[in-house]
Amino acid sequence: MPASFRLLLVAALGFVLDGRLAQAQEVAGLQLEPAAAADSADAADTSDSPLRVTLAQEAAYKAEQPDRLIKNRTSVRLEYSQYFLDHFVVQFSGKTTAFLKKDHRHDAERTDTTVSQAYVQTSAGQTSVRAGIQALAWGESLLAPITDVVSPRDNRELFNFNLEELRIGQPMLAVDQYSSFGRWSMFWIPKPAFNKNPKPGTAYSFDPFRYRARIEGDDGGEYGASWKKNSENADVTLMAASLVDNDYGLAMNADGTVTRVKERYALAGLSFTYALKSFVLRGEAALKSSKAFNDAALRIVKKRAFDSYLGLDYRYSATLTVGVELVDQHIAGWTDAIQGYARDNRSLLLNVSKTMMNDDLTVNLLHFQNRPYRASVTVLESTYKWNDHVTLGFNASVPDTNDRRSALWNVRDQKQVGFRIQYQF
């Protein structure tokens with residue numbers, strides 16, 4: 001199974017722990033993009049300053065033999081949001097991480113810097129325009145990227161549960177038009193980015209191929225549009241896009257090297273949410289035409305893929321929520337010559353979230369199952385807000401499989417416990 005698919009499957013678990021992005025809010029006459037609105041709200045809780053700084057120290061220990069310290073890193077995140085000239089806002093979010101001694105990425109990378117947002121936004125009447133580096137979120141699924149495929153993912157860590165860190169920003173022009181008939185949105189990406197996968201020399205690098213330097217295929221941009229309509233207790237979104245796959249297609253050459261190929265496909269999808277008393281029902285479906293797969297000879301074959309998702313959350317009380325999610329990823333015209341993918345890949349997620357101590361302590365328990373290649377992951381995560389500036393975190397992750405075809409086979413021994421301390425000002 002391709003290394004990129006293995007890491008993407010595990011990283012998808014992180015979607016459930018990062019929560020739902022807030023809907024667009026009107027602030028100072030601007031309709032802020034959802035992530036920007038959430039960042040601005042958080043910043044308002046801590047300071048009137050447009051700049052927010054987050055310092056963090058993380059450590060994780062691999063408990064199964066051979067045991068080792070697998071994560072030991074320090075990071076600083078800068079977030080900046082500032083209005084000017086009444087109709088403009090500038091938004092920035094960037095993070096630099098130093099991989100310290102014994103961190104599995106220390107020797108291969110030493111440091112890493114990412115910028116997920118760096119754009120200017122303006123509005124006139126009911127029209128909002130954003131230009132710059134952005135990460136665009138589509139769809140309702142918290143478990144798998146059904147329609148949320150515009151922004152590529154950072155798959156370099158197994159158990160990264162931060163959705164904002166998983167999405168990779170890329171240069172983009174986005175336009176939102178608000179009307180009584182709903183919100184119309186369009187985007188254009190001149191030079192698409194691609195998923196980031198583990199580098200050689202890190203703990204999760206299992207890629208056996210030797211690649212040619214030249215990358216071939218479609219050098220065009222990406223573009224798409226969506227329409228979203230909200231009602232009192234429901235919303236529905238329709239979307240369509242022409243995209244370049246976030247993973248390169250792979251083609252074997254006569255000399256044994258592999259060529260990476262940019263492969264274009266078309267997306268048509270929909271998503272919805274419906275709230276009734278203590279229940280929230282979410283659904284999503286996407287038809288992906290001309291998706292690239294590989295046969296046994298590592299030749300690229302094109303197939304149609306149909307992905308669907310259904311999720312249900314039940315709010316038992318103000319402090320306890322339980323949920324279940326189901327995903328089916330189907331390949332039309334599948335044959336056993338297609339490598340690394342079953343005709344139907346099905347996933348199930350059960351999750352429980354509990355808040356305590358006046359909402360300062362949050363505990364999440366998740367259990368993930370995948371078929372037909374049997375695999376599971378159980379995750380326990382907790383965060384404790386010590387005060388307005390300091391947050392403590394703990395997590396434990398237990399992957400399990402005995403199927404060599406599973407996405408988790410190479411990381412089945414990565415049973416980990418992790419700790420995090422964060423200071424924000």
# chains A, B, ... in the order shown; residues from 1 in each chain; ligands from 1

call {"tool": "residues_around", "arguments": {"residues": "stretch 47-51 of chain A", "least_positions_apart": "6", "cutoff": "10 Å", "atoms": "only C-alpha atoms", "output": "ChimeraX atom specification"}}
result
/A:40,78-83,91-93,425

call {"tool": "residues_around", "arguments": {"residues": "A:Leu55", "least_positions_apart": "5", "cutoff": "9 Å", "atoms": "only C-alpha atoms", "output": "ChimeraX atom specification"}}
result
/A:74-77,421-425

call {"tool": "residues_around", "arguments": {"residues": "A:Leu100", "least_positions_apart": "5", "cutoff": "6 Å", "atoms": "only C-alpha atoms", "output": "list in words"}}
result
Asn72, Arg73 and His106 of chain A

call {"tool": "write_last_selection", "arguments": {"atoms": "C-alpha atoms", "output": "PDB file, in the first residue's frame"}}
result
ATOM      1  CA  ASN A  72      11.110  15.901  21.472  1.00  0.00           C
ATOM      2  CA  ARG A  73      10.462  19.285  19.968  1.00  0.00           C
ATOM      3  CA  HIS A 106      16.112  15.582  14.275  1.00  0.00           C
TER       4      HIS A 106
END

call {"tool": "closest_residue", "arguments": {"among": "A:Phe159, A:Trp334, A:Trp184, A:Tyr204", "to": "A:Gln126", "atoms": "only C-alpha atoms"}}
result
A:Trp184

call {"tool": "closest_residue", "arguments": {"among": "A:Asn370, A:Asn253, A:Asn364, A:Thr113", "to": "A:Asp328", "atoms": "only C-alpha atoms"}}
result
A:Asn370

call {"tool": "residues_around", "arguments": {"residues": "A:Ala375", "least_positions_apart": "5", "cutoff": "8 Å", "atoms": "only C-alpha atoms", "output": "PDB file with N, CA and C atoms, in the first residue's frame"}}
result
ATOM      1  N   GLN A 369     -11.993   1.863  13.308  1.00  0.00           N
ATOM      2  CA  GLN A 369     -11.891   0.552  12.665  1.00  0.00           C
ATOM      3  C   GLN A 369     -11.880   0.726  11.158  1.00  0.00           C
ATOM      4  N   ASN A 370     -11.091  -0.121  10.484  1.00  0.00           N
ATOM      5  CA  ASN A 370     -11.018  -0.072   9.035  1.00  0.00           C
ATOM      6  C   ASN A 370     -11.173  -1.471   8.458  1.00  0.00           C
ATOM      7  N   PRO A 399      -2.277   1.686  17.893  1.00  0.00           N
ATOM      8  CA  PRO A 399      -2.674   1.064  16.624  1.00  0.00           C
ATOM      9  C   PRO A 399      -2.592  -0.456  16.735  1.00  0.00           C
ATOM     10  N   ASP A 400      -3.398  -1.148  15.911  1.00  0.00           N
ATOM     11  CA  ASP A 400      -3.391  -2.609  15.953  1.00  0.00           C
ATOM     12  C   ASP A 400      -3.824  -3.172  14.608  1.00  0.00           C
ATOM     13  N   THR A 401      -3.072  -4.149  14.103  1.00  0.00           N
ATOM     14  CA  THR A 401      -3.458  -4.882  12.902  1.00  0.00           C
ATOM     15  C   THR A 401      -2.615  -6.149  12.794  1.00  0.00           C
ATOM     16  N   ASN A 402      -3.154  -7.180  12.153  1.00  0.00           N
ATOM     17  CA  ASN A 402      -2.377  -8.369  11.801  1.00  0.00           C
ATOM     18  C   ASN A 402      -2.493  -8.665  10.304  1.00  0.00           C
ATOM     19  N   ASP A 403      -2.931  -7.663   9.545  1.00  0.00           N
ATOM     20  CA  ASP A 403      -3.110  -7.784   8.099  1.00  0.00           C
ATOM     21  C   ASP A 403      -2.011  -6.984   7.397  1.00  0.00           C
ATOM     22  N   SER A 406      -2.834  -3.865   5.431  1.00  0.00           N
ATOM     23  CA  SER A 406      -3.412  -2.724   6.133  1.00  0.00           C
ATOM     24  C   SER A 406      -2.527  -1.492   6.040  1.00  0.00           C
ATOM     25  N   ALA A 407      -3.177  -0.329   6.100  1.00  0.00           N
ATOM     26  CA  ALA A 407      -2.455   0.933   6.121  1.00  0.00           C
ATOM     27  C   ALA A 407      -1.605   1.087   7.372  1.00  0.00           C
ATOM     28  N   LEU A 408      -1.903   0.329   8.417  1.00  0.00           N
ATOM     29  CA  LEU A 408      -1.182   0.451   9.682  1.00  0.00           C
ATOM     30  C   LEU A 408      -0.112  -0.615   9.897  1.00  0.00           C
TER      31      LEU A 408
END

call {"tool": "closest_residue", "arguments": {"among": "A:Arg153, A:Arg412, A:Arg420, A:Lys277", "to": "A:Phe394", "atoms": "only C-alpha atoms"}}
result
A:Arg420

call {"tool": "closest_residue", "arguments": {"among": "A:Val280, A:Ile215, A:Ala266, A:Leu326", "to": "A:Asn233", "atoms": "only C-alpha atoms"}}
result
A:Val280

call {"tool": "closest_atom_pairs", "arguments": {"of": "stretch 262-298 of chain A", "to": "stretch 305-312 of chain A", "cutoff": "10 Å", "atoms": "only C-alpha atoms", "output": "JSON lines"}}
result
{"residue": "A:Leu267", "atom": "CA", "partner": "A:Ala305", "partner_atom": "CA", "distance": 9.7}
{"residue": "A:Ala268", "atom": "CA", "partner": "A:Phe306", "partner_atom": "CA", "distance": 9.8}
{"residue": "A:Gly269", "atom": "CA", "partner": "A:Asp307", "partner_atom": "CA", "distance": 9.3}
{"residue": "A:Leu270", "atom": "CA", "partner": "A:Ser308", "partner_atom": "CA", "distance": 9.7}
{"residue": "A:Ser271", "atom": "CA", "partner": "A:Tyr309", "partner_atom": "CA", "distance": 9.0}
{"residue": "A:Phe272", "atom": "CA", "partner": "A:Leu310", "partner_atom": "CA", "distance": 9.7}
{"residue": "A:Thr273", "atom": "CA", "partner": "A:Gly311", "partner_atom": "CA", "distance": 9.2}
{"residue": "A:Tyr274", "atom": "CA", "partner": "A:Leu312", "partner_atom": "CA", "distance": 9.6}
{"residue": "A:Ala275", "atom": "CA", "partner": "A:Leu312", "partner_atom": "CA", "distance": 9.7}
{"residue": "A:Phe279", "atom": "CA", "partner": "A:Leu312", "partner_atom": "CA", "distance": 7.0}
{"residue": "A:Val280", "atom": "CA", "partner": "A:Leu312", "partner_atom": "CA", "distance": 5.7}
{"residue": "A:Leu281", "atom": "CA", "partner": "A:Leu312", "partner_atom": "CA", "distance": 4.6}
{"residue": "A:Arg282", "atom": "CA", "partner": "A:Gly311", "partner_atom": "CA", "distance": 5.0}
{"residue": "A:Gly283", "atom": "CA", "partner": "A:Leu310", "partner_atom": "CA", "distance": 4.5}
{"residue": "A:Glu284", "atom": "CA", "partner": "A:Tyr309", "partner_atom": "CA", "distance": 5.0}
{"residue": "A:Ala285", "atom": "CA", "partner": "A:Ser308", "partner_atom": "CA", "distance": 4.3}
{"residue": "A:Ala286", "atom": "CA", "partner": "A:Asp307", "partner_atom": "CA", "distance": 5.3}
{"residue": "A:Leu287", "atom": "CA", "partner": "A:Phe306", "partner_atom": "CA", "distance": 4.7}
{"residue": "A:Lys288", "atom": "CA", "partner": "A:Ala305", "partner_atom": "CA", "distance": 5.1}
{"residue": "A:Ser289", "atom": "CA", "partner": "A:Ala305", "partner_atom": "CA", "distance": 6.5}
{"residue": "A:Ser290", "atom": "CA", "partner": "A:Ala305", "partner_atom": "CA", "distance": 8.0}
{"residue": "A:Lys291", "atom": "CA", "partner": "A:Ala305", "partner_atom": "CA", "distance": 6.7}
{"residue": "A:Ala292", "atom": "CA", "partner": "A:Ala305", "partner_atom": "CA", "distance": 9.6}

call {"tool": "select_by_dssp", "arguments": {"residues": "stretch 193-335 of chain A", "states": "strand (DSSP E)", "output": "JSON, numbers by chain"}}
result
{"A": [216, 217, 222, 223, 224, 225, 226, 227, 228, 229, 230, 234, 235, 236, 237, 238, 239, 240, 241, 242, 243, 244, 249, 250, 251, 252, 258, 259, 260, 261, 262, 264, 265, 266, 267, 268, 269, 270, 271, 272, 273, 274, 275, 276, 279, 280, 281, 282, 283, 284, 285, 286, 287, 288, 289, 290, 291, 292, 293, 294, 300, 301, 302, 303, 304, 305, 306, 307, 308, 309, 310, 311, 312, 313, 314, 315, 316, 317, 320, 321, 322, 323, 324, 325, 326, 327, 328, 329, 330, 331, 332]}
